[in-house]
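Chemist: Pasting a structure below so you can have a look.
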Amino acid sequence: MSTDSHTRSADALRTQDDVSPPGRRGGPVGAIASWADERTGTAKGFRYLMRKVFPDHWSFMLGEIAMYSLVILLLTGTFLTFWYVPSAGETVYNGSYEPLKGISMSQAYASTVDISYEVRGGLIVRQIHHWAALFFLAAILVHMCRVFFTGAFRKPREINWIIGLTLLMLSMIEGFAGYSLPDDLLSGTGLRAAQGFMLSIPVLGSYISYAVFGGGFPGEALIPRLFTVHVLLLPAIIVALFTAHIILVIVHKHTQYPGPGRSEKNVVGFPMMPVYIAKAGGFFFVVFGITALVAGLVTINPIWAYGPYEPTQVTAGSQPDWYMGFADGALRLLPGFLEFDLLGRTWSFNIFLGAIALIPVLFTIAGAYPFLEAWITGDKREHHILDRPRNAPTRTALGMAALSFYVVLFFASANDIMAIKLHLSINDVANLMRLSCLVLPPLVFWVTKRLCLSLQRRDRELVLHGRETGRIVRTADGRFFEAHEPLDEYTRWRLVAFESNRPLELSAGSDGNGVRRAGSAKQRLRAALSGFWFTDRVDAVTPAELAAAHHHGEYEALEAAAVEDSHPQEFGGQLHGGAEEVGTSHAYGDHEPR
């Protein structure tokens, strides 16, 4: 301290201090955030959300595509409601589209044509809306397949699995409702088919049809009701379910694929802020851009070409959108003898089973699967690490069998077009599809399971013996062998990080006194299913097996030297392949390989 500072007063030492009032950090945005937090207490939750970690894997983008497509649907749908008129009242078209001038049509159809030709940007928005709906359903379906094949539905995510299935089913209904609103000839044909499906419901069919249509078909009540369902009821339910789905993802934390440093208690990835939110924002515009590009280049649902709906007419080759194709295919394949007369009534099970019962039955089976698998395995633990599909061969095979059944029904929806284009009998095509429904799923199950087991055996050999290098080594006594390079620990981790379930052992059905144990029938069923699931399996490599494999033979030192030599440090080193002659005093002797 200088002498001058001893002679100055305390007040003089503080003459340079900044005495202005402290400002708020973050400027106006920070001030608004502080004001909101003081009244709502949202800062803690927002901070948790911004620090939320998301794994970095391409398959997780499938759910994001569905979410972004939903946002596009909400935006474009809101735009369309400004001009759409949900009325079946009669009007005469006098718009700019000449082929329809002077034709009597419903106000709904006329307003949709006006959106396409009179409203600036109306046609591109209509097409973006339709394509986004198709992408939305496709993304949900593929996302659900990813969840199923990786086992992401296991505890604690069973509720989210059911929410996803409900979203898929409601989205199909929502798509059909929106598809029917233009009241063109194609959508009217679909509504007429839907009314026939309702009538096939035993006993209650006619009552349900009259309640939905407000009387006989077509009536004037359905279009306003469909509009309310399409723009208000179902979107509210779908958004609520989507919100619940995202909240559960945050609560449960994200799943991740096996790898070094990843466990059931952590998530390896990037935080929401700033990395993930930047990637997600950019990906949203990519999805929006691709959807707009497809909508601008590919025409879909040209209602002006179909004309207004007329009950006495039907479009040639009319078919629903792809997501309802499997139900249409089931209708075409069900045999006619399922319709019969009994007790003075006609029972049309050939229609009811395919059009009404099929979808609820399939979705119920899919929703019950997580609980069935948990009951068979007896596994009550939480799972945050995903399975590789090959490591769950029975589950993967069941999923592929179900997909093959779906694909057969999907192609069956075009059996008439196949028959025309291939110059075949439509009856022969239908019979071939019926046979495929019975034969193809078991065949796909067997082939898929064999492939999974084969891939597991290959992984096991790769872990135990390493990767083939292509270098043939010759020993001093004239023998040859191929050098194998051990896997690095990161690659090995992914191949051994799974559990091999074993079939349950069936306990005695009765006690020592010959009294039958309670629940023995249920245990026998569980043991039988466990044997079906896990009898054919390939166990993961244990540390003991790996250690034994690394000390397996007399050529270990020669192999290690050959592997090391196959990775030269500079240009001009040893080339891959060929035979290397090895002497006796060293791994490569006292001479260079020749």
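To be explicit about the labels: the chains of the structure tokens are called A, B, and onward in the order shown, and within each one the residues are counted from 1, while ligands get numbers from 1 in the order they are shown.
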For the structure I just gave you, how does DSSP split range 295-438 of chain A - specifically, which residues are strand (DSSP E or B)? Reply as a PyMOL selection string.

Modeler: chain A and resi 308+339-342+345-348+385

Chemist: Any chance you could list, as a PyMOL selection string, the residues in range 192-341 of chain A that come up alpha helix (DSSP H) when DSSP is run on the backbone?

Modeler: chain A and resi 192-199+205-213+222-228+234-252+277-297+303-306+325-333

Chemist: Quick one: everything within 12 Å of range 181-185 of chain A, counting only C-alpha atoms, minus sequence neighbours fewer than 6 positions away in the same chain. Send it as a PyMOL selection string.

Modeler: chain A and resi 80-81+84-90+105-116+126+174-175+191-192+218+220+222-231+301-316+318-319

Chemist: Which residues come within 10 Å of Gly164 in chain A, counting only C-alpha atoms, excluding same-chain residues fewer than 3 positions away, as a list of chain:residue names?

Modeler: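 Returned residues: A:Ile140, A:Leu141, A:His143, A:Met144, A:Val147, A:Glu158, A:Ile159, A:Asn160, A:Trp161, A:Leu167, A:Leu168, A:Met169, A:Leu170, A:Leu241, A:Phe242, A:His245, A:Gly367.
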
Chemist: Suppose we keep C-alpha atoms; can you now write the selection as a PDB file, in the first residue's frame?

Modeler:
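Result file is out39.pdb:
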ATOM      1  CA  ILE A 140     -46.827 -42.828 -36.051  1.00  0.00           C
ATOM      2  CA  LEU A 141     -46.978 -46.322 -37.563  1.00  0.00           C
ATOM      3  CA  HIS A 143     -42.513 -45.007 -34.759  1.00  0.00           C
ATOM      4  CA  MET A 144     -44.704 -47.655 -33.118  1.00  0.00           C
ATOM      5  CA  VAL A 147     -40.914 -48.951 -30.135  1.00  0.00           C
ATOM      6  CA  GLU A 158     -46.867 -49.422 -20.937  1.00  0.00           C
ATOM      7  CA  ILE A 159     -49.198 -46.427 -20.605  1.00  0.00           C
ATOM      8  CA  ASN A 160     -47.312 -44.547 -23.302  1.00  0.00           C
ATOM      9  CA  TRP A 161     -47.615 -47.589 -25.590  1.00  0.00           C
ATOM     10  CA  LEU A 167     -53.364 -41.907 -31.168  1.00  0.00           C
ATOM     11  CA  LEU A 168     -52.919 -44.118 -34.225  1.00  0.00           C
ATOM     12  CA  MET A 169     -56.525 -45.326 -34.155  1.00  0.00           C
ATOM     13  CA  LEU A 170     -57.981 -41.852 -33.562  1.00  0.00           C
ATOM     14  CA  LEU A 241     -52.922 -37.436 -25.830  1.00  0.00           C
ATOM     15  CA  PHE A 242     -49.839 -36.090 -27.579  1.00  0.00           C
ATOM     16  CA  HIS A 245     -47.226 -38.702 -24.310  1.00  0.00           C
ATOM     17  CA  GLY A 367     -52.175 -53.005 -26.505  1.00  0.00           C
TER      18      GLY A 367
END

Chemist: Select from range 351-441 of chain A every residue with an atom at most 6 Å from any atom of range 252-272 of chain A, then for each give the shortest pair of atoms and their distance in Å to one decimal, using only C-alpha atoms, rows by chain and rising number, as a Markdown table.

Modeler:
| residue | atom | partner | partner_atom | distance |
| --- | --- | --- | --- | --- |
| A:His384 | CA | A:Thr255 | CA | 4.8 |
| A:Ile385 | CA | A:Gln256 | CA | 5.3 |
| A:Leu386 | CA | A:Tyr257 | CA | 5.0 |

Chemist: CA of Leu342 in chain A to CA of Val203 in chain A: how many Å, to one decimal?

Modeler: 12.2 Å

Chemist: Between A:Trp533, A:Gly354, A:Lys421, A:Ser436, which is the closest to Leu372 in chain A once you count only C-alpha atoms?

Modeler: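 Of A:Trp533, A:Gly354, A:Lys421, A:Ser436, the one nearest Leu372 in chain A, counting only C-alpha atoms, is A:Trp533.
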
Chemist: Measuring between only C-alpha atoms, which one of A:Cys452, A:Leu409, A:Val142, A:Leu462 shows the shortest distance to Leu165 in chain A?

Modeler: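 Using only C-alpha atoms, Leu165 in chain A sits closest to A:Val142.
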
Chemist: In terms of the shortest atom-to-atom distance over only C-alpha atoms, which of A:Leu353, A:Ala330, A:Ala497, A:Leu62 is closest to Ala540 in chain A?

Modeler: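 For Ala540 in chain A, the nearest of the candidates is A:Ala497.
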
Chemist: Give me, please, the distance in Å between CA of Cys437 in chain A and CA of Val361 in chain A, quoted to one decimal.

Modeler: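 Distance between the two atoms: 16.5 Å.
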
Chemist: For Phe498 in chain A, please output as a ChimeraX atom specification all residues within 12 Å (counting only C-alpha atoms; exclusion window: fewer than 5 positions along the same chain).

Modeler: /A:150-151,257-259,263,383,385-392,456,459-460,492-493,538-542

Chemist: One decimal, in Å: what's the spacing between CA of Arg467 in chain A and CA of Arg537 in chain A?

Modeler: 23.0 Å

Chemist: For Trp347 in chain A, which of A:Pro442, A:Val239, A:Gly329, A:Leu204 is the closest residue, counting only C-alpha atoms?

Modeler: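 Of A:Pro442, A:Val239, A:Gly329, A:Leu204, the one nearest Trp347 in chain A, counting only C-alpha atoms, is A:Leu204.
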
Chemist: Using only C-alpha atoms, which of A:Ser413, A:Thr78, A:Thr189, A:Ser454 sits nearest Asp328 in chain A?

Modeler: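 When distances to Asp328 in chain A are compared using only C-alpha atoms, the smallest one comes from A:Ser413.
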
Chemist: Which of these, A:Ala193, A:Leu134, A:Gly188, A:Val496, has the shortest distance to Ile356 in chain A once you count only C-alpha atoms?

Modeler: A:Ala193
